[in-house]
$ cat data.cif   # mmCIF, C-alpha atoms
data_protein
loop_
_atom_site.label_atom_id
_atom_site.label_comp_id
_atom_site.auth_asym_id
_atom_site.auth_seq_id
_atom_site.Cartn_x
_atom_site.Cartn_y
_atom_site.Cartn_z
CA MET A 12 -39.67 1.02 5.31
CA THR A 13 -40.58 4.71 5.45
CA VAL A 14 -39.41 5.91 2.07
CA GLN A 15 -40.85 7.50 -1.03
CA THR A 16 -41.80 4.86 -3.61
CA LEU A 17 -42.12 4.65 -7.36
CA GLN A 18 -45.84 5.29 -6.96
CA ASP A 19 -45.08 8.57 -5.20
CA LEU A 20 -42.81 9.61 -8.08
CA LEU A 21 -45.40 8.68 -10.70
CA ALA A 22 -48.00 10.68 -8.79
CA GLU A 23 -45.70 13.72 -8.89
CA GLY A 24 -45.35 13.27 -12.64
CA VAL A 25 -42.34 12.18 -14.72
CA GLU A 26 -43.38 13.10 -18.25
CA GLY A 27 -40.43 14.73 -19.96
CA ARG A 28 -38.18 14.24 -16.90
CA GLY A 29 -34.96 12.25 -16.76
CA VAL A 30 -35.04 9.37 -14.27
CA LEU A 31 -31.97 7.41 -13.22
CA VAL A 32 -32.82 3.81 -12.34
CA ARG A 33 -30.34 1.52 -10.58
CA SER A 34 -31.32 -1.98 -11.67
CA ASP A 35 -29.71 -5.32 -10.89
CA LEU A 36 -29.01 -6.84 -14.30
CA ASN A 37 -26.09 -9.00 -13.16
CA VAL A 38 -27.13 -12.17 -14.95
CA PRO A 39 -25.04 -15.29 -15.62
CA LEU A 40 -23.53 -15.74 -19.08
CA ASP A 41 -22.20 -18.88 -20.73
CA ASP A 42 -18.83 -19.11 -22.51
CA ASN A 43 -20.42 -17.69 -25.65
CA GLY A 44 -21.76 -14.62 -23.85
CA GLN A 45 -25.34 -15.89 -23.88
CA ILE A 46 -27.59 -15.22 -20.89
CA THR A 47 -28.36 -18.49 -19.07
CA ASP A 48 -30.85 -17.12 -16.54
CA PRO A 49 -32.62 -13.81 -17.32
CA GLY A 50 -34.46 -13.75 -13.97
CA ARG A 51 -32.99 -10.47 -12.76
CA ILE A 52 -33.71 -8.72 -16.04
CA ILE A 53 -37.30 -9.94 -15.95
CA ALA A 54 -37.64 -8.68 -12.37
CA SER A 55 -36.36 -5.21 -13.39
CA VAL A 56 -38.95 -4.69 -16.12
CA PRO A 57 -42.01 -3.52 -14.09
CA THR A 58 -40.30 -0.40 -12.72
CA ILE A 59 -38.72 0.57 -16.05
CA GLN A 60 -41.97 -0.13 -17.90
CA ALA A 61 -44.00 2.04 -15.52
CA LEU A 62 -41.62 4.97 -16.04
CA VAL A 63 -41.62 4.52 -19.82
CA GLU A 64 -45.41 4.47 -19.95
CA ALA A 65 -45.50 7.64 -17.83
CA GLY A 66 -43.28 9.45 -20.34
CA ALA A 67 -39.99 9.55 -18.46
CA LYS A 68 -36.60 9.61 -20.15
CA VAL A 69 -35.13 6.54 -18.45
CA VAL A 70 -31.41 6.10 -17.88
CA VAL A 71 -30.58 2.69 -16.41
CA MET A 72 -27.44 1.97 -14.40
CA ALA A 73 -26.28 -1.60 -13.80
CA HIS A 74 -23.22 -3.81 -13.52
CA LEU A 75 -22.24 -7.25 -14.76
CA GLY A 76 -19.62 -9.46 -13.14
CA ARG A 77 -16.50 -8.12 -11.52
CA PRO A 78 -14.42 -6.12 -13.98
CA LYS A 79 -11.37 -4.49 -12.47
CA GLY A 80 -12.45 -0.86 -12.78
CA GLU A 81 -11.82 -0.61 -16.52
CA PRO A 82 -13.64 -1.61 -19.73
CA ASP A 83 -13.62 -5.34 -20.42
CA ALA A 84 -15.53 -6.65 -23.44
CA LYS A 85 -16.55 -9.89 -21.74
CA PHE A 86 -18.44 -7.88 -19.11
CA SER A 87 -20.25 -5.60 -21.57
CA LEU A 88 -23.96 -5.12 -21.00
CA ALA A 89 -24.66 -5.61 -24.73
CA PRO A 90 -26.49 -8.96 -24.28
CA VAL A 91 -28.42 -7.48 -21.37
CA ALA A 92 -29.54 -4.49 -23.47
CA ALA A 93 -30.82 -6.86 -26.16
CA LYS A 94 -32.77 -8.96 -23.64
CA LEU A 95 -34.17 -5.88 -21.89
CA ALA A 96 -35.33 -4.48 -25.25
CA GLU A 97 -37.06 -7.79 -26.03
CA LEU A 98 -38.87 -7.81 -22.67
CA LEU A 99 -39.88 -4.13 -22.86
CA GLY A 100 -40.92 -4.42 -26.48
CA ARG A 101 -39.00 -1.28 -27.41
CA ASN A 102 -35.53 -0.16 -28.38
CA VAL A 103 -32.99 0.09 -25.57
CA GLN A 104 -29.92 2.14 -26.43
CA LEU A 105 -26.60 0.99 -24.94
CA ALA A 106 -24.09 3.75 -24.25
CA GLY A 107 -20.54 2.99 -25.29
CA ASP A 108 -19.26 4.24 -21.94
CA VAL A 109 -20.40 4.87 -18.37
CA VAL A 110 -20.56 8.66 -18.08
CA GLY A 111 -18.40 9.74 -21.00
CA TYR A 112 -19.11 11.48 -24.29
CA ASP A 113 -21.36 8.76 -25.71
CA ALA A 114 -23.47 8.43 -22.56
CA LEU A 115 -23.90 12.20 -22.33
CA SER A 116 -24.75 12.72 -26.00
CA ARG A 117 -27.23 9.84 -26.00
CA SER A 118 -28.90 11.09 -22.81
CA GLU A 119 -29.29 14.57 -24.31
CA GLY A 120 -31.05 13.03 -27.31
CA LEU A 121 -33.62 11.05 -25.32
CA THR A 122 -37.30 11.74 -25.92
CA ASP A 123 -40.22 10.87 -23.65
CA GLY A 124 -40.46 7.11 -23.08
CA ASP A 125 -36.93 6.34 -24.33
CA VAL A 126 -34.59 3.99 -22.47
CA LEU A 127 -30.82 4.31 -22.30
CA LEU A 128 -28.70 1.65 -20.60
CA LEU A 129 -25.28 2.87 -19.51
CA GLU A 130 -22.34 0.54 -20.02
CA ASN A 131 -21.26 -1.52 -17.01
CA VAL A 132 -20.86 0.98 -14.14
CA ARG A 133 -18.02 -1.10 -12.72
CA PHE A 134 -15.93 -0.15 -15.75
CA ASP A 135 -15.40 3.10 -13.81
CA PRO A 136 -13.19 2.53 -10.72
CA ARG A 137 -15.04 5.25 -8.81
CA GLU A 138 -18.18 3.09 -8.65
CA THR A 139 -16.74 0.81 -5.98
CA SER A 140 -14.15 3.18 -4.55
CA LYS A 141 -13.72 3.52 -0.78
CA ASP A 142 -13.03 7.23 -1.40
CA GLU A 143 -16.30 9.08 -0.78
CA SER A 144 -15.25 12.10 -2.82
CA ALA A 145 -14.41 9.91 -5.85
CA ARG A 146 -17.79 8.18 -5.62
CA ALA A 147 -19.54 11.53 -5.22
CA LYS A 148 -17.92 12.82 -8.44
CA LEU A 149 -19.13 9.79 -10.36
CA ALA A 150 -22.58 10.23 -8.84
CA ALA A 151 -22.57 13.87 -9.99
CA ALA A 152 -21.75 12.68 -13.51
CA PHE A 153 -24.72 10.26 -13.36
CA VAL A 154 -26.95 13.14 -12.22
CA GLU A 155 -25.78 15.27 -15.16
CA LEU A 156 -27.30 12.68 -17.50
CA VAL A 157 -30.83 13.39 -16.24
CA GLY A 158 -30.61 17.09 -15.43
CA ASP A 159 -31.63 19.30 -12.54
CA ASP A 160 -35.24 18.09 -12.43
CA GLY A 161 -34.24 14.42 -12.53
CA ALA A 162 -35.03 11.71 -10.00
CA PHE A 163 -33.40 8.49 -8.80
CA VAL A 164 -35.19 5.16 -8.45
CA SER A 165 -33.39 2.42 -6.55
CA ASP A 166 -34.55 -0.91 -7.93
CA GLY A 167 -31.46 -3.13 -7.72
CA PHE A 168 -32.07 -5.06 -4.53
CA GLY A 169 -29.07 -7.29 -5.19
CA VAL A 170 -26.73 -4.33 -4.59
CA VAL A 171 -28.41 -2.39 -1.76
CA HIS A 172 -25.90 -3.84 0.71
CA ARG A 173 -23.13 -2.01 -1.18
CA GLU A 174 -22.06 1.59 -0.53
CA GLN A 175 -21.39 2.36 -4.18
CA ALA A 176 -21.82 5.42 -6.38
CA SER A 177 -24.82 4.20 -8.38
CA VAL A 178 -26.51 2.75 -5.29
CA TYR A 179 -25.73 5.10 -2.41
CA ASP A 180 -24.13 8.36 -3.53
CA VAL A 181 -26.62 9.16 -6.30
CA ALA A 182 -29.43 9.01 -3.75
CA GLN A 183 -27.72 11.82 -1.83
CA GLN A 184 -27.80 14.09 -4.88
CA LEU A 185 -31.30 13.54 -6.30
CA PRO A 186 -34.86 13.08 -5.00
CA HIS A 187 -34.91 9.33 -4.37
CA TYR A 188 -37.51 6.59 -4.47
CA ALA A 189 -37.70 2.85 -3.92
CA GLY A 190 -38.60 0.95 -7.07
CA THR A 191 -41.22 -1.78 -7.21
CA LEU A 192 -38.67 -4.55 -6.74
CA VAL A 193 -36.80 -3.02 -3.79
CA ALA A 194 -40.03 -2.15 -1.98
CA ALA A 195 -41.36 -5.69 -2.48
CA GLU A 196 -38.11 -7.32 -1.32
CA VAL A 197 -37.97 -5.29 1.88
CA GLU A 198 -41.64 -6.03 2.60
CA VAL A 199 -40.93 -9.76 2.26
CA LEU A 200 -37.88 -9.62 4.54
CA GLN A 201 -39.80 -7.65 7.15
CA LYS A 202 -42.41 -10.40 7.11
CA LEU A 203 -39.66 -12.97 7.77
CA THR A 204 -38.20 -11.04 10.69
CA GLU A 205 -41.02 -9.26 12.48
CA ASP A 206 -43.71 -11.86 13.19
CA PRO A 207 -43.32 -14.99 11.05
CA ALA A 208 -46.02 -17.67 11.20
CA ARG A 209 -44.82 -20.83 12.93
CA PRO A 210 -43.37 -23.36 12.57
CA TYR A 211 -40.61 -21.30 10.95
CA ALA A 212 -38.03 -23.31 8.99
CA VAL A 213 -34.80 -22.11 7.40
CA VAL A 214 -32.79 -24.11 4.87
CA LEU A 215 -29.16 -23.12 4.34
CA GLY A 216 -26.80 -24.67 1.80
CA GLY A 217 -23.87 -23.55 -0.27
CA SER A 218 -20.17 -24.12 0.05
CA LYS A 219 -18.83 -22.45 3.15
CA VAL A 220 -19.90 -22.20 6.78
CA SER A 221 -18.05 -18.89 6.99
CA ASP A 222 -20.39 -17.38 4.37
CA LYS A 223 -23.47 -18.32 6.40
CA LEU A 224 -22.13 -18.05 9.97
CA ALA A 225 -23.66 -14.65 10.68
CA VAL A 226 -27.10 -15.66 9.44
CA ILE A 227 -26.96 -18.93 11.41
CA GLU A 228 -26.12 -16.95 14.55
CA ALA A 229 -28.94 -14.50 13.84
CA LEU A 230 -31.66 -17.01 12.91
CA ALA A 231 -30.97 -20.10 15.03
CA PRO A 232 -32.40 -18.52 18.21
CA LYS A 233 -35.53 -17.39 16.31
CA VAL A 234 -36.56 -20.39 14.18
CA ASP A 235 -38.04 -23.80 14.89
CA THR A 236 -35.98 -25.70 12.31
CA LEU A 237 -32.65 -24.90 10.65
CA VAL A 238 -31.65 -27.41 7.96
CA ILE A 239 -28.00 -27.52 6.89
CA GLY A 240 -26.99 -28.96 3.50
CA GLY A 241 -24.56 -28.29 0.69
CA GLY A 242 -20.80 -28.25 1.05
CA MET A 243 -21.06 -26.49 4.40
CA CYS A 244 -22.60 -29.57 6.06
CA PHE A 245 -19.28 -31.42 6.01
CA THR A 246 -17.64 -29.02 8.42
CA PHE A 247 -20.56 -29.64 10.81
CA LEU A 248 -20.16 -33.41 10.36
CA ALA A 249 -16.42 -33.09 11.04
CA ALA A 250 -17.30 -31.12 14.19
CA GLN A 251 -19.15 -34.23 15.36
CA GLY A 252 -15.97 -36.24 14.90
CA LEU A 253 -17.10 -37.91 11.68
CA PRO A 254 -14.88 -38.64 8.66
CA VAL A 255 -15.72 -36.58 5.58
CA GLY A 256 -13.29 -38.11 3.06
CA GLY A 257 -12.33 -35.64 0.36
CA SER A 258 -15.43 -33.48 0.88
CA LEU A 259 -15.24 -29.72 1.10
CA LEU A 260 -14.04 -28.84 4.60
CA GLN A 261 -13.26 -25.59 6.41
CA ALA A 262 -10.98 -26.96 9.11
CA GLU A 263 -10.68 -23.53 10.74
CA MET A 264 -14.45 -23.51 11.30
CA ILE A 265 -14.72 -26.88 13.08
CA ASP A 266 -14.60 -25.39 16.58
CA THR A 267 -17.20 -22.79 15.57
CA CYS A 268 -19.48 -25.56 14.32
CA LYS A 269 -19.01 -27.48 17.57
CA ASP A 270 -20.13 -24.41 19.46
CA LEU A 271 -23.18 -23.94 17.19
CA LEU A 272 -24.17 -27.59 17.66
CA GLU A 273 -23.87 -27.27 21.42
CA ARG A 274 -25.98 -24.13 21.55
CA PHE A 275 -28.55 -24.91 18.88
CA GLY A 276 -28.53 -28.70 18.65
CA ASP A 277 -32.30 -28.84 19.14
CA VAL A 278 -32.84 -26.65 16.05
CA LEU A 279 -30.02 -27.65 13.67
CA HIS A 280 -30.66 -30.62 11.36
CA LEU A 281 -27.82 -32.25 9.41
CA PRO A 282 -27.96 -34.84 6.58
CA VAL A 283 -28.08 -38.49 7.64
CA ASP A 284 -26.91 -39.79 4.26
CA ILE A 285 -24.70 -38.42 1.51
CA VAL A 286 -24.27 -39.02 -2.22
CA VAL A 287 -20.51 -39.38 -2.64
CA ALA A 288 -18.39 -39.42 -5.78
CA ASP A 289 -14.89 -40.55 -6.72
CA LYS A 290 -14.25 -37.22 -8.46
CA PHE A 291 -15.84 -33.82 -9.01
CA ALA A 292 -17.36 -34.43 -12.43
CA ALA A 293 -20.70 -35.05 -14.12
CA ASP A 294 -19.63 -38.60 -15.05
CA ALA A 295 -18.21 -39.55 -11.63
CA ASP A 296 -18.88 -42.93 -10.06
CA THR A 297 -21.30 -42.42 -7.17
CA LYS A 298 -22.84 -44.20 -4.23
CA THR A 299 -25.01 -43.24 -1.29
CA VAL A 300 -23.60 -43.77 2.19
CA ALA A 301 -24.58 -42.90 5.74
CA SER A 302 -23.20 -39.52 6.79
CA THR A 303 -21.22 -41.40 9.45
CA GLU A 304 -19.46 -43.53 6.83
CA ILE A 305 -18.02 -41.29 4.11
CA PRO A 306 -15.07 -43.29 2.75
CA ASP A 307 -11.54 -41.98 2.33
CA GLY A 308 -10.90 -40.49 -1.09
CA TRP A 309 -14.59 -39.92 -1.86
CA LEU A 310 -16.25 -36.53 -1.73
CA GLY A 311 -19.81 -35.66 -0.83
CA LEU A 312 -21.63 -33.80 -3.60
CA ASP A 313 -25.27 -34.05 -2.50
CA ILE A 314 -27.50 -35.00 0.38
CA GLY A 315 -29.01 -38.49 0.16
CA PRO A 316 -32.63 -39.65 -0.19
CA GLU A 317 -33.15 -40.33 3.52
CA SER A 318 -32.00 -36.78 4.31
CA VAL A 319 -34.42 -35.43 1.70
CA SER A 320 -37.22 -37.45 3.31
CA ARG A 321 -36.44 -36.17 6.81
CA PHE A 322 -35.98 -32.57 5.73
CA SER A 323 -39.18 -32.72 3.65
CA ALA A 324 -41.18 -33.91 6.65
CA LEU A 325 -40.08 -30.77 8.52
CA LEU A 326 -40.54 -28.37 5.63
CA THR A 327 -43.95 -29.47 4.40
CA GLU A 328 -45.41 -28.75 7.85
CA ALA A 329 -43.79 -25.32 8.20
CA LYS A 330 -45.82 -22.12 7.94
CA THR A 331 -42.81 -19.95 7.05
CA VAL A 332 -39.77 -21.11 5.05
CA PHE A 333 -36.61 -19.26 4.00
CA TRP A 334 -34.20 -21.10 1.70
CA ASN A 335 -30.73 -19.95 0.69
CA GLY A 336 -28.22 -22.27 -0.91
CA PRO A 337 -28.43 -25.55 -2.85
CA MET A 338 -28.13 -28.95 -1.16
CA GLY A 339 -25.57 -30.23 -3.63
CA VAL A 340 -23.87 -29.68 -6.97
CA PHE A 341 -27.20 -29.37 -8.80
CA GLU A 342 -25.49 -28.36 -12.03
CA PHE A 343 -24.60 -32.06 -12.43
CA GLU A 344 -27.72 -34.22 -12.81
CA LYS A 345 -26.31 -36.97 -10.58
CA PHE A 346 -26.14 -34.51 -7.69
CA ALA A 347 -29.35 -32.54 -8.23
CA ALA A 348 -31.82 -34.79 -6.39
CA GLY A 349 -31.19 -33.26 -2.96
CA THR A 350 -31.82 -29.70 -4.10
CA ARG A 351 -34.82 -30.79 -6.16
CA GLY A 352 -36.32 -32.76 -3.25
CA VAL A 353 -35.98 -29.91 -0.77
CA ALA A 354 -37.35 -27.40 -3.31
CA GLU A 355 -40.35 -29.64 -4.01
CA ALA A 356 -41.03 -29.89 -0.27
CA ILE A 357 -41.06 -26.09 -0.09
CA VAL A 358 -43.45 -25.98 -3.06
CA THR A 359 -45.72 -28.37 -1.14
CA ALA A 360 -45.57 -26.10 1.91
CA THR A 361 -46.54 -23.15 -0.30
CA SER A 362 -49.54 -25.07 -1.64
CA LYS A 363 -50.64 -25.64 1.96
CA GLY A 364 -50.58 -21.91 2.69
CA ALA A 365 -47.04 -21.38 3.96
CA PHE A 366 -45.14 -18.17 3.24
CA THR A 367 -42.01 -19.33 1.40
CA VAL A 368 -39.01 -17.29 0.26
CA VAL A 369 -36.14 -18.36 -1.98
CA GLY A 370 -33.21 -16.21 -0.95
CA GLY A 371 -31.74 -15.38 -4.33
CA GLY A 372 -28.36 -16.38 -5.73
CA ASP A 373 -27.73 -20.04 -6.48
CA SER A 374 -31.07 -21.05 -4.96
CA ALA A 375 -33.00 -18.97 -7.47
CA ALA A 376 -30.79 -20.32 -10.27
CA ALA A 377 -31.51 -23.87 -9.09
CA VAL A 378 -35.27 -23.29 -9.15
CA ARG A 379 -35.07 -22.35 -12.83
CA ALA A 380 -32.40 -24.88 -13.80
CA LEU A 381 -34.42 -27.73 -12.30
CA GLY A 382 -37.61 -26.63 -14.05
CA LEU A 383 -39.52 -25.80 -10.87
CA PRO A 384 -42.37 -23.28 -11.13
CA ASP A 385 -41.61 -19.74 -9.95
CA ASP A 386 -45.15 -19.53 -8.58
CA GLY A 387 -44.48 -22.57 -6.41
CA PHE A 388 -42.87 -20.14 -3.95
CA SER A 389 -44.32 -17.03 -2.35
CA HIS A 390 -41.28 -14.99 -3.35
CA ILE A 391 -37.99 -15.55 -5.19
CA SER A 392 -35.50 -12.89 -4.17
CA THR A 393 -33.12 -11.26 -6.63
CA GLY A 394 -30.49 -10.54 -3.99
CA GLY A 395 -28.84 -13.38 -2.10
CA GLY A 396 -26.20 -11.36 -0.27
CA ALA A 397 -28.55 -8.47 0.46
CA SER A 398 -31.22 -10.86 1.78
CA LEU A 399 -28.75 -12.56 4.11
CA GLU A 400 -27.37 -9.28 5.45
CA TYR A 401 -30.88 -8.02 6.15
CA LEU A 402 -31.72 -11.20 8.06
CA GLU A 403 -28.44 -10.88 9.95
CA GLY A 404 -29.70 -7.52 11.19
CA LYS A 405 -27.13 -5.45 9.29
CA GLU A 406 -27.94 -1.99 7.98
CA LEU A 407 -28.12 -1.95 4.19
CA PRO A 408 -26.62 1.35 2.92
CA GLY A 409 -28.75 1.39 -0.23
CA ILE A 410 -31.91 1.16 1.89
CA SER A 411 -30.93 3.49 4.72
CA VAL A 412 -30.00 6.25 2.25
CA LEU A 413 -33.55 6.13 0.83
CA GLU A 414 -34.90 6.88 4.28
CA GLY A 415 -32.97 10.13 4.48
#

$ encode --input "data.cif" --output "structure tokens"
Amino acid sequence: MTVQTLQDLLAEGVEGRGVLVRSDLNVPLDDNGQITDPGRIIASVPTIQALVEAGAKVVVMAHLGRPKGEPDAKFSLAPVAAKLAELLGRNVQLAGDVVGYDALSRSEGLTDGDVLLLENVRFDPRETSKDESARAKLAAAFVELVGDDGAFVSDGFGVVHREQASVYDVAQQLPHYAGTLVAAEVEVLQKLTEDPARPYAVVLGGSKVSDKLAVIEALAPKVDTLVIGGGMCFTFLAAQGLPVGGSLLQAEMIDTCKDLLERFGDVLHLPVDIVVADKFAADADTKTVASTEIPDGWLGLDIGPESVSRFSALLTEAKTVFWNGPMGVFEFEKFAAGTRGVAEAIVTATSKGAFTVVGGGDSAAAVRALGLPDDGFSHISTGGGASLEYLEGKELPGISVLEG
């Protein structure tokens, strides 16, 4: 990636200057508005901290959830501001709006080393608008908050695949730099795509084949092993003519899965046993059956122990591993063993010198929920969708604009 980095900006000097930072602070909240996994906030701290210590007036832009282009209290960044302040060890102001009177007055009052977090940028419909001129006007309002000598640091890797005002359009109006997190993420993904050490294994889970089809198409010809688990495995099993009971099934994708199995059957690995349940619930009755014998009325919610054993044998010998998507409904303890077993195999591979990457999203959440060590993996990405699109070979607007 040939772009200016945070280090370049710090070398130029930021003392007394306003710096807009696009961070990814889109963390999960429980029903009481409490943060359940602060991983993305933690990952955002190094860039913000470096700017604070260098005397910048830092204005952070971020989103939370999917509000419908207007203020919504349940998507306020208030809990995020509190957590960010705790991690930085300093006060973090939260503007009461995105680019309105409160944001502007607070930004004008910033002194060197202060941090202002704007309210959820998706409260403004222009943030995600398809209208370039509308996005450009919002970007201009962001720029006004830091002044003519301001700079923009892109550090929200989880959103660089979006052509949005705070990601893309701002970079066209200010000197722009890749933050520590974005630069590190791209370096990792380049390592996965340009000359990975072999054997190279990919583990894909999650609910839908359609969500992962493009990455399967892109990676299957390039890897030595491609393990399929999660809800998406049942469409592959159905493509083999097997009964899947009440398991998640994308009937419209069966022919596609047949084609993938015909073309990449030597690389694709499916579960040989399944943990099935009589209902989708933590207290469901369960049993383990062969993947060829899923009974009517039962639904598969995890891969079985024999599948874990077979997958682990492949993964522990790999030199490069990319994992995206859980193997089952890990949120319920009865269906967490598959995800835990595969994750532990990847940890073992890491300990043997493999380069291992957890591809963000639910996989990263599973690592933390299951109590696995972050340092058991070479890298845990903060951007599931962005990681997948990069590996699919797509251009990421938030990265390409930094190269301009």

$ atom_distance --input "data.cif" --atom1 "atom CA of A:Asp135" --atom2 "atom CA of A:Val109"
7.0 Å

$ atom_distance --input "data.cif" --atom1 "atom CA of A:Ala250" --atom2 "atom CA of A:Asp270"
9.0 Å

$ atom_distance --input "data.cif" --atom1 "atom CA of A:Thr236" --atom2 "atom CA of A:Asp222"
19.4 Å

$ resolve_selection --input "data.cif" --expression "the PyMOL selection byres ((chain A and resi 324-336) around 9)" --output "PyMOL selection string"
chain A and resi 203+207-218+235-236+240-241+319-323+337-339+350+353-354+356-361+363-375+377+395+399

$ resolve_selection --input "data.cif" --expression "the PyMOL selection byres ((chain A and resi 281-284) around 10)" --output "JSON, numbers by chain"
{"A": [237, 238, 239, 240, 241, 244, 245, 247, 248, 276, 279, 280, 285, 286, 287, 299, 300, 301, 302, 303, 304, 305, 311, 313, 314, 315, 316, 317, 318, 319, 321, 322, 338]}

$ resolve_selection --input "data.cif" --expression "the PyMOL selection byres ((chain A and resi 199) around 10)" --output "PyMOL selection string"
chain A and resi 193-198+200-204+366-368+389-392+398

$ write_last_selection --input "data.cif" --atoms "C-alpha atoms" --output "CSV table (one decimal), in the coordinates of the input"
chain,number,residue,atom,x,y,z
A,193,VAL,CA,-36.8,-3.0,-3.8
A,194,ALA,CA,-40.0,-2.2,-2.0
A,195,ALA,CA,-41.4,-5.7,-2.5
A,196,GLU,CA,-38.1,-7.3,-1.3
A,197,VAL,CA,-38.0,-5.3,1.9
A,198,GLU,CA,-41.6,-6.0,2.6
A,200,LEU,CA,-37.9,-9.6,4.5
A,201,GLN,CA,-39.8,-7.6,7.2
A,202,LYS,CA,-42.4,-10.4,7.1
A,203,LEU,CA,-39.7,-13.0,7.8
A,204,THR,CA,-38.2,-11.0,10.7
A,366,PHE,CA,-45.1,-18.2,3.2
A,367,THR,CA,-42.0,-19.3,1.4
A,368,VAL,CA,-39.0,-17.3,0.3
A,389,SER,CA,-44.3,-17.0,-2.4
A,390,HIS,CA,-41.3,-15.0,-3.4
A,391,ILE,CA,-38.0,-15.6,-5.2
A,392,SER,CA,-35.5,-12.9,-4.2
A,398,SER,CA,-31.2,-10.9,1.8

$ residues_around --input "data.cif" --residues "A:Met264" --least-positions-apart "5" --cutoff "8 Å" --atoms "all atoms listed in the file" --output "VMD selection string"
chain A and resid 220 to 221 246

$ write_last_selection --input "data.cif" --atoms "C-alpha atoms" --output "mmCIF file, in the coordinates of the input"
data_model
loop_
_atom_site.group_PDB
_atom_site.id
_atom_site.type_symbol
_atom_site.label_atom_id
_atom_site.label_comp_id
_atom_site.auth_asym_id
_atom_site.auth_seq_id
_atom_site.Cartn_x
_atom_site.Cartn_y
_atom_site.Cartn_z
ATOM 1 C CA VAL A 220 -19.900 -22.200 6.780
ATOM 2 C CA SER A 221 -18.050 -18.890 6.990
ATOM 3 C CA THR A 246 -17.640 -29.020 8.420
#

$ residues_near_point --input "data.cif" --point "(-19.0, -32.7, -4.4)" --cutoff "7 Å" --atoms "all atoms listed in the file" --output "MDAnalysis selection string"
chainID A and resid 258 288 291 310:313 340

$ residues_around --input "data.cif" --residues "stretch 148-152 of chain A" --least-positions-apart "5" --cutoff "8 Å" --atoms "all atoms listed in the file" --output "JSON, numbers by chain"
{"A": [110, 137, 138, 176, 177, 180, 181, 184]}

$ build_atoms --input "data.cif" --residues "stretch 339-343 of chain A" --atoms "all heavy atoms" --output "PDB file, in the frame of the given file"
ATOM      1  N   GLY A 339     -26.665 -29.525  -2.999  1.00  0.00           N
ATOM      2  CA  GLY A 339     -25.570 -30.230  -3.630  1.00  0.00           C
ATOM      3  C   GLY A 339     -25.177 -29.550  -4.924  1.00  0.00           C
ATOM      4  O   GLY A 339     -25.619 -28.433  -5.217  1.00  0.00           O
ATOM      5  N   VAL A 340     -24.352 -30.244  -5.717  1.00  0.00           N
ATOM      6  CA  VAL A 340     -23.870 -29.680  -6.970  1.00  0.00           C
ATOM      7  C   VAL A 340     -24.952 -29.931  -8.032  1.00  0.00           C
ATOM      8  O   VAL A 340     -24.847 -30.816  -8.883  1.00  0.00           O
ATOM      9  CB  VAL A 340     -22.527 -30.318  -7.381  1.00  0.00           C
ATOM     10  CG1 VAL A 340     -21.956 -29.632  -8.624  1.00  0.00           C
ATOM     11  CG2 VAL A 340     -21.524 -30.217  -6.234  1.00  0.00           C
ATOM     12  N   PHE A 341     -26.021 -29.125  -7.964  1.00  0.00           N
ATOM     13  CA  PHE A 341     -27.200 -29.370  -8.800  1.00  0.00           C
ATOM     14  C   PHE A 341     -26.936 -29.201 -10.278  1.00  0.00           C
ATOM     15  O   PHE A 341     -27.702 -29.677 -11.123  1.00  0.00           O
ATOM     16  CB  PHE A 341     -28.358 -28.441  -8.377  1.00  0.00           C
ATOM     17  CG  PHE A 341     -28.139 -26.994  -8.723  1.00  0.00           C
ATOM     18  CD1 PHE A 341     -28.545 -26.490  -9.945  1.00  0.00           C
ATOM     19  CD2 PHE A 341     -27.519 -26.128  -7.833  1.00  0.00           C
ATOM     20  CE1 PHE A 341     -28.340 -25.155 -10.281  1.00  0.00           C
ATOM     21  CE2 PHE A 341     -27.308 -24.793  -8.150  1.00  0.00           C
ATOM     22  CZ  PHE A 341     -27.723 -24.307  -9.385  1.00  0.00           C
ATOM     23  N   GLU A 342     -25.823 -28.538 -10.614  1.00  0.00           N
ATOM     24  CA  GLU A 342     -25.490 -28.360 -12.030  1.00  0.00           C
ATOM     25  C   GLU A 342     -25.200 -29.698 -12.713  1.00  0.00           C
ATOM     26  O   GLU A 342     -25.300 -29.812 -13.937  1.00  0.00           O
ATOM     27  CB  GLU A 342     -24.270 -27.429 -12.167  1.00  0.00           C
ATOM     28  CG  GLU A 342     -24.512 -26.015 -11.673  1.00  0.00           C
ATOM     29  CD  GLU A 342     -24.221 -25.829 -10.187  1.00  0.00           C
ATOM     30  OE1 GLU A 342     -24.031 -26.843  -9.477  1.00  0.00           O
ATOM     31  OE2 GLU A 342     -24.168 -24.661  -9.740  1.00  0.00           O
ATOM     32  N   PHE A 343     -24.786 -30.708 -11.918  1.00  0.00           N
ATOM     33  CA  PHE A 343     -24.600 -32.060 -12.430  1.00  0.00           C
ATOM     34  C   PHE A 343     -25.833 -32.884 -12.062  1.00  0.00           C
ATOM     35  O   PHE A 343     -26.191 -32.963 -10.886  1.00  0.00           O
ATOM     36  CB  PHE A 343     -23.355 -32.714 -11.815  1.00  0.00           C
ATOM     37  CG  PHE A 343     -22.049 -32.032 -12.136  1.00  0.00           C
ATOM     38  CD1 PHE A 343     -20.960 -32.160 -11.274  1.00  0.00           C
ATOM     39  CD2 PHE A 343     -21.888 -31.284 -13.287  1.00  0.00           C
ATOM     40  CE1 PHE A 343     -19.746 -31.556 -11.554  1.00  0.00           C
ATOM     41  CE2 PHE A 343     -20.683 -30.670 -13.586  1.00  0.00           C
ATOM     42  CZ  PHE A 343     -19.605 -30.803 -12.717  1.00  0.00           C
TER      43      PHE A 343
END
